[in-house]
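Engineer: Provided below: work_18.cif, containing mmCIF, C-alpha atoms and all ligand atoms.
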```
data_input
loop_
_atom_site.label_atom_id
_atom_site.label_comp_id
_atom_site.auth_asym_id
_atom_site.auth_seq_id
_atom_site.Cartn_x
_atom_site.Cartn_y
_atom_site.Cartn_z
CA MET A 1377 99.32 159.87 -81.68
CA GLY A 1378 99.27 159.33 -85.44
CA GLU A 1379 98.13 161.77 -88.06
CA THR A 1380 94.37 162.20 -88.38
CA LEU A 1381 92.16 164.24 -90.64
CA PHE A 1382 91.44 166.53 -87.67
CA ASN A 1383 95.13 167.52 -87.65
CA LYS A 1384 94.69 168.47 -91.29
CA ILE A 1385 91.67 170.62 -90.35
CA ILE A 1386 93.76 172.32 -87.62
CA ARG A 1387 96.46 173.10 -90.22
CA ARG A 1388 93.79 174.24 -92.74
CA GLU A 1389 94.94 171.55 -95.19
CA ILE A 1390 91.37 170.35 -95.65
CA PRO A 1391 88.34 172.62 -95.44
CA ALA A 1392 85.96 172.74 -92.49
CA ASP A 1393 83.22 175.07 -91.35
CA ILE A 1394 85.08 176.47 -88.34
CA VAL A 1395 82.81 178.15 -85.79
CA PHE A 1396 85.20 178.83 -82.90
CA GLU A 1397 88.92 178.92 -82.22
CA ASP A 1398 91.16 179.98 -79.37
CA ALA A 1399 94.71 179.07 -78.36
CA GLU A 1400 93.75 175.57 -77.19
CA VAL A 1401 90.50 174.60 -78.90
CA LEU A 1402 89.15 174.42 -82.46
CA ALA A 1403 85.46 173.85 -83.20
CA PHE A 1404 83.90 173.06 -86.57
CA ARG A 1405 80.63 171.67 -87.90
CA ASP A 1406 80.36 167.92 -88.32
CA ILE A 1407 80.36 166.85 -91.97
CA ASN A 1408 77.50 164.38 -91.27
CA PRO A 1409 75.31 166.21 -88.76
CA GLN A 1410 73.10 164.18 -86.44
CA ALA A 1411 71.14 167.23 -85.26
CA PRO A 1412 70.38 170.71 -86.65
CA VAL A 1413 73.46 171.90 -84.73
CA HIS A 1414 76.37 169.42 -84.61
CA VAL A 1415 79.79 170.86 -83.80
CA LEU A 1416 83.03 169.08 -82.85
CA PHE A 1417 85.35 170.67 -80.26
CA ILE A 1418 88.93 169.39 -80.43
CA PRO A 1419 92.22 170.14 -78.66
CA LYS A 1420 94.64 171.91 -81.03
CA LYS A 1421 98.05 171.55 -79.44
CA LYS A 1422 97.93 168.24 -77.66
CA ALA A 1423 95.92 165.48 -79.26
CA PHE A 1424 94.98 162.09 -77.89
CA ALA A 1425 93.75 159.12 -79.88
CA THR A 1426 91.06 158.22 -77.34
CA LEU A 1427 89.87 159.22 -73.89
CA ASN A 1428 91.93 156.30 -72.59
CA ASP A 1429 95.05 158.35 -73.40
CA VAL A 1430 94.03 161.29 -71.21
CA GLY A 1431 95.78 161.58 -67.85
CA ALA A 1432 95.45 163.68 -64.74
CA ALA A 1433 97.85 166.27 -66.16
CA ASP A 1434 95.37 166.88 -68.98
CA ALA A 1435 92.43 167.75 -66.72
CA GLU A 1436 92.58 171.47 -67.50
CA LEU A 1437 92.66 170.87 -71.25
CA ILE A 1438 89.63 168.57 -71.08
CA GLY A 1439 87.87 171.18 -69.00
CA ARG A 1440 88.64 173.79 -71.63
CA LEU A 1441 86.92 171.67 -74.29
CA PHE A 1442 83.75 171.52 -72.18
CA LEU A 1443 83.88 175.21 -71.29
CA ALA A 1444 84.41 176.18 -74.95
CA ALA A 1445 81.37 174.10 -75.91
CA THR A 1446 79.09 175.41 -73.18
CA ALA A 1447 80.14 179.02 -73.82
CA TRP A 1448 79.47 178.58 -77.55
CA ALA A 1449 76.07 177.02 -76.83
CA LYS A 1450 75.14 179.93 -74.58
CA ASP A 1451 76.36 182.46 -77.16
CA LYS A 1452 74.25 180.81 -79.88
CA GLY A 1453 71.12 180.79 -77.72
CA LEU A 1454 71.07 177.01 -77.33
CA ALA A 1455 71.48 176.79 -73.57
CA ASP A 1456 67.87 177.23 -72.44
CA ASP A 1457 66.43 174.58 -74.76
CA GLY A 1458 69.45 172.43 -74.02
CA TYR A 1459 71.95 170.30 -75.87
CA ARG A 1460 74.01 167.15 -75.56
CA LEU A 1461 77.80 166.85 -75.18
CA VAL A 1462 79.28 163.45 -76.09
CA MET A 1463 82.75 161.93 -76.36
CA ASN A 1464 82.83 158.48 -77.95
CA CYS A 1465 85.61 156.05 -77.01
CA ASN A 1466 86.78 153.14 -79.15
CA ALA A 1467 84.57 150.57 -80.86
CA HIS A 1468 81.72 150.20 -78.39
CA GLY A 1469 81.53 153.97 -78.00
CA GLY A 1470 81.23 154.36 -81.77
CA GLN A 1471 84.46 156.32 -82.19
CA THR A 1472 85.60 156.66 -85.81
CA VAL A 1473 88.18 159.46 -85.71
CA PHE A 1474 91.07 158.84 -83.33
CA HIS A 1475 91.73 162.40 -82.21
CA ILE A 1476 89.51 163.09 -79.23
CA HIS A 1477 86.60 165.37 -79.90
CA LEU A 1478 83.59 166.60 -77.99
CA HIS A 1479 80.33 166.46 -79.96
CA LEU A 1480 77.84 169.29 -79.32
CA LEU A 1481 74.39 168.27 -80.54
CA ALA A 1482 71.48 170.69 -80.35
CA GLY A 1483 68.36 171.94 -82.10
CA ARG A 1484 66.12 168.91 -81.57
CA GLN A 1485 64.84 166.70 -78.78
CA MET A 1486 67.43 164.10 -77.77
CA HIS A 1487 66.45 160.69 -76.45
CA TRP A 1488 67.88 158.33 -73.87
CA PRO A 1489 69.24 155.69 -74.09
CA PRO A 1490 70.98 156.82 -77.29
CA GLY A 1491 70.93 153.37 -78.94
P1 LIG O 1 83.22 159.81 -83.73
O1 LIG O 1 82.37 158.80 -84.48
O2 LIG O 1 84.69 159.46 -83.82
O3 LIG O 1 82.75 160.08 -82.34
O4 LIG O 1 82.99 161.17 -84.49
C1 LIG O 1 83.70 161.53 -85.63
C2 LIG O 1 82.88 162.57 -86.33
O5 LIG O 1 83.69 163.20 -87.29
C3 LIG O 1 81.67 162.00 -87.07
O6 LIG O 1 80.47 162.55 -86.55
C4 LIG O 1 81.93 162.38 -88.51
O7 LIG O 1 80.76 162.75 -89.22
C5 LIG O 1 82.91 163.53 -88.39
N1 LIG O 1 83.80 163.68 -89.52
C6 LIG O 1 84.49 162.68 -90.16
N2 LIG O 1 85.23 163.19 -91.14
C7 LIG O 1 85.02 164.55 -91.14
C8 LIG O 1 85.53 165.61 -91.94
O8 LIG O 1 86.34 165.45 -92.84
N3 LIG O 1 85.08 166.86 -91.64
C9 LIG O 1 84.19 167.10 -90.63
N4 LIG O 1 83.81 168.36 -90.43
N5 LIG O 1 83.70 166.11 -89.85
C10 LIG O 1 84.11 164.85 -90.11
#
```
Please render this file's structure as structure tokens.
Ligand code: 5GP

Structural biologist:
Amino acid sequence: MGETLFNKIIRREIPADIVFEDAEVLAFRDINPQAPVHVLFIPKKKAFATLNDVGAADAELIGRLFLAATAWAKDKGLADDGYRLVMNCNAHGGQTVFHIHLHLLAGRQMHWPPG
């Protein structure tokens, strides 16, 4: 996978409002939030351009992203009202940064279909 600005955030070469970090996962607030709470959870050590690059051997890492997001949502008191977790893939999914990331959106009513 090529260099992305999310790699630069991992290396602290560009600033980000980091809200969570462990050995595998980094989470920071989206620069253009689409909800009162909008946080991106990304893998730190092994990055993939898109979900299409994820294989069976990566199942635990993908699970860690989801568990980091749900644990953070619970810790911040967002779980009862609810939230949305989204991963966009390629053009039709609306992906713009090619380092997979899990969006956590919360703090307002979401709608379906998303449009
Ligand atoms: P995608 O459209 O690929 O699913 O999501 C990429 C997200 O990254 C967008 O919501 C966009 O606002 C966010 N983003 C792009 N550049 C930066 C940046 O430099 N810093 C932060 N914190 N978020 C960014």

Engineer: Would you compute the distance between atom CA of Val1401 of chain A and atom CA of Asn1466 of chain A? Give it in Å to one decimal.

Structural biologist: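 Between these atoms lies a distance of 21.8 Å.
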
Engineer: Looking at only C-alpha atoms and all ligand atoms, which of A:Thr1446, A:Thr1380, A:Asn1428, A:Gln1471 is the one that sits closest to ligand LIG 1 (chain O)?

Structural biologist: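 Under the stated criterion, the closest residue is A:Gln1471.
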
Engineer: So which residues are near ligand LIG 1 (chain O), meaning at most 8 Å away with only C-alpha atoms and all ligand atoms counted, given back as a PyMOL selection string?

Structural biologist: chain A and resi 1381-1382+1385+1390-1393+1404-1410+1416+1462-1465+1469-1479

Engineer: How many Å separate atom CA of Gly1458 of chain A from atom CA of Gly1483 of chain A?

Structural biologist: 8.2 Å

Engineer: May I have the residues within 10 Å of segment 1386-1388 of chain A as a PyMOL selection string, using only C-alpha atoms and disregarding those fewer than 5 positions away in the same chain?

Structural biologist: chain A and resi 1381+1394+1397+1401-1404+1418-1421

Engineer: What does the distance from atom CA of Glu1379 of chain A to atom CA of Leu1461 of chain A come to in Å, to one decimal?

Structural biologist: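 Atom CA of Leu1461 of chain A lies 24.6 Å from atom CA of Glu1379 of chain A.
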
Engineer: Hey, which of A:Lys1422, A:His1414, A:Phe1442, A:Asn1383 ends up closest to Ala1482 of chain A? Count all atoms listed in the file.

Structural biologist: A:His1414

Engineer: Please list, as JSON, numbers by chain, the residues that have an atom at most 8 Å away from (72.0, 163.7, -75.5) in the coordinates of this file, counting all atoms listed in the file.

Structural biologist: {"A": [1459, 1460, 1461, 1462, 1481, 1486, 1487, 1488, 1490]}

Engineer: Given the selection you just returned, output its residues as a file containing C-alpha atoms, formatted as a PDB file, keeping the file's coordinate frame.

Structural biologist:
```pdb
ATOM      1  CA  TYR A1459      71.950 170.300 -75.870  1.00  0.00           C
ATOM      2  CA  ARG A1460      74.010 167.150 -75.560  1.00  0.00           C
ATOM      3  CA  LEU A1461      77.800 166.850 -75.180  1.00  0.00           C
ATOM      4  CA  VAL A1462      79.280 163.450 -76.090  1.00  0.00           C
ATOM      5  CA  LEU A1481      74.390 168.270 -80.540  1.00  0.00           C
ATOM      6  CA  MET A1486      67.430 164.100 -77.770  1.00  0.00           C
ATOM      7  CA  HIS A1487      66.450 160.690 -76.450  1.00  0.00           C
ATOM      8  CA  TRP A1488      67.880 158.330 -73.870  1.00  0.00           C
ATOM      9  CA  PRO A1490      70.980 156.820 -77.290  1.00  0.00           C
TER      10      PRO A1490
END
```

Engineer: So, counting all atoms listed in the file, which residue among A:Glu1400, A:Asp1451, A:Val1430, A:Gly1491 is closest to His1468 of chain A?

Structural biologist: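 Ranking A:Glu1400, A:Asp1451, A:Val1430, A:Gly1491 by distance to His1468 of chain A, first place goes to A:Gly1491.
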
Engineer: Could the centre and edge lengths of an axis-aligned box, enclosing all atoms of segment 1457-1475 of chain A in the file with 8 Å extra on each side, be given in Å to one decimal as AutoDock Vina command-line options?

Structural biologist:
```
--center_x 79.1 --center_y 162.4 --center_z -79.9 --size_x 41.3 --size_y 40.4 --size_z 27.8
```
